[in-house]
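Shown next, in structure tokens, is the structure this report addresses.
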Amino acid sequence: MSTASALRNFVCTQCGKCCRIPGYVRVSESDISRIAACMDLDTDTFIAKHTRLMADRSGLSLLEEKDGVCAHLTDDGICGIHAAKPEQCTGFPYTWRYPNMESICEGWKI
Ligand code: SF4
Ligand code: SF4
């Protein structure tokens, strides 16, 4: 199947595997406003408690656990802020992909 065809047919199975890949989950100003409201926090509190400055100081990223898993992934393996999740998350796999995703992403395999 071509990549274009795979993208047209892609359905996320919410397996949560992409949320377990170590790396930044960048949050824009609009992401921050939306997620803070979803968590019933003001934006300053959300930034202080749930984000960190990226190493190149180009922006903020959501915090992760020590093993690299996104801090918002629940024990059930689903996104705890699904309705408000960052554009980086909603854009996958349409606007970006990670190496070897074909063997990791359950939705892509289907
Ligand atoms: S915000 Fe949600 S969708 Fe994005 S990486 Fe974290 S758990 Fe996954
Ligand atoms: S790895 Fe793929 S199928 Fe699993 S949650 Fe992420 S986008 Fe959805």
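By convention here, the chains of the structure tokens are called A, B, ... in the order presented, each chain's residues are numbered starting at 1, and ligands are numbered starting at 1 in the order presented.
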Protein and nucleic acid residues within 7 Å of ligand 2 (only C-alpha atoms and all ligand atoms) as a PyMOL selection string
chain A and resi 12-19+92-93+104-108
I need the residues from that last selection saved to file as a compact mmCIF listing (two decimals), in the first residue's frame (with N, CA and C atoms), if you can.
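Wrote selection_38.txt, looks like this:
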# COMPACT_ATOMS: atom_id res chain seq x y z
N CYS A 12 -6.64 5.55 14.02
CA CYS A 12 -5.88 5.33 15.26
C CYS A 12 -6.64 4.34 16.15
N THR A 13 -5.95 3.30 16.59
CA THR A 13 -6.58 2.31 17.46
C THR A 13 -6.43 2.68 18.93
N GLN A 14 -5.80 3.83 19.18
CA GLN A 14 -5.53 4.29 20.55
C GLN A 14 -4.74 3.25 21.34
N CYS A 15 -3.75 2.67 20.67
CA CYS A 15 -2.90 1.69 21.36
C CYS A 15 -1.93 2.37 22.33
N GLY A 16 -1.70 3.67 22.14
CA GLY A 16 -0.85 4.42 23.06
C GLY A 16 0.64 4.25 22.85
N LYS A 17 1.03 3.50 21.82
CA LYS A 17 2.47 3.24 21.65
C LYS A 17 3.24 4.49 21.27
N CYS A 18 2.62 5.38 20.50
CA CYS A 18 3.37 6.60 20.12
C CYS A 18 3.57 7.50 21.34
N CYS A 19 2.75 7.35 22.35
CA CYS A 19 2.88 8.17 23.57
C CYS A 19 3.98 7.65 24.47
N PHE A 92 -0.11 13.39 14.16
CA PHE A 92 0.52 12.10 13.85
C PHE A 92 -0.52 11.13 13.30
N PRO A 93 -0.28 10.39 12.21
CA PRO A 93 0.94 10.34 11.40
C PRO A 93 0.84 11.19 10.14
N ILE A 104 5.56 -0.18 14.73
CA ILE A 104 5.14 0.16 16.09
C ILE A 104 3.66 0.55 16.15
N CYS A 105 3.24 1.42 15.25
CA CYS A 105 1.89 1.98 15.28
C CYS A 105 0.85 0.93 14.85
N GLU A 106 -0.02 0.58 15.76
CA GLU A 106 -1.02 -0.47 15.46
C GLU A 106 -1.99 -0.01 14.37
N GLY A 107 -2.33 1.27 14.37
CA GLY A 107 -3.23 1.79 13.33
C GLY A 107 -2.60 1.72 11.95
N TRP A 108 -1.31 1.99 11.88
CA TRP A 108 -0.61 1.95 10.61
C TRP A 108 -0.53 0.51 10.07
Given a cut-off of 6 Å, what residues near ligand 1 show up using only C-alpha atoms and all ligand atoms, put as a PyMOL selection string?
chain A and resi 19+70+72-73+79+81-82+85+89
Selection export as a PDB file, in the first residue's frame, atoms kept: C-alpha atoms:
ATOM      1  CA  CYS A  19       2.885   8.172  23.567  1.00  0.00           C
ATOM      2  CA  CYS A  70       4.194  11.023  28.262  1.00  0.00           C
ATOM      3  CA  HIS A  72      -0.638  12.229  30.325  1.00  0.00           C
ATOM      4  CA  LEU A  73      -0.837   8.611  29.231  1.00  0.00           C
ATOM      5  CA  CYS A  79      -4.586   9.939  26.573  1.00  0.00           C
ATOM      6  CA  ILE A  81      -6.239  14.938  27.817  1.00  0.00           C
ATOM      7  CA  HIS A  82      -7.584  13.428  24.594  1.00  0.00           C
ATOM      8  CA  LYS A  85      -4.265  17.091  23.241  1.00  0.00           C
ATOM      9  CA  CYS A  89      -0.359  14.519  18.792  1.00  0.00           C
TER      10      CYS A  89
END
What is the distance, in Å and to one decimal place, between CA of Tyr98 (chain A) and CA of Asp75 (chain A)?
23.2 Å
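Considering only C-alpha atoms, the residue among A:Arg34, A:Arg8, A:Arg52, A:Lys109 positioned nearest to Ala83 (chain A) is A:Arg34.
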Pick from A:Gly68, A:Gly59, A:Pro86, A:Pro22, whichever lies nearest to Ala36 (chain A) using only C-alpha atoms
A:Pro86
Among chain A, which residues carry a DSSP assignment of strand (DSSP E or B), reported as a PyMOL selection string?
chain A and resi 26-27+51-53+60-62+64+70+73+79
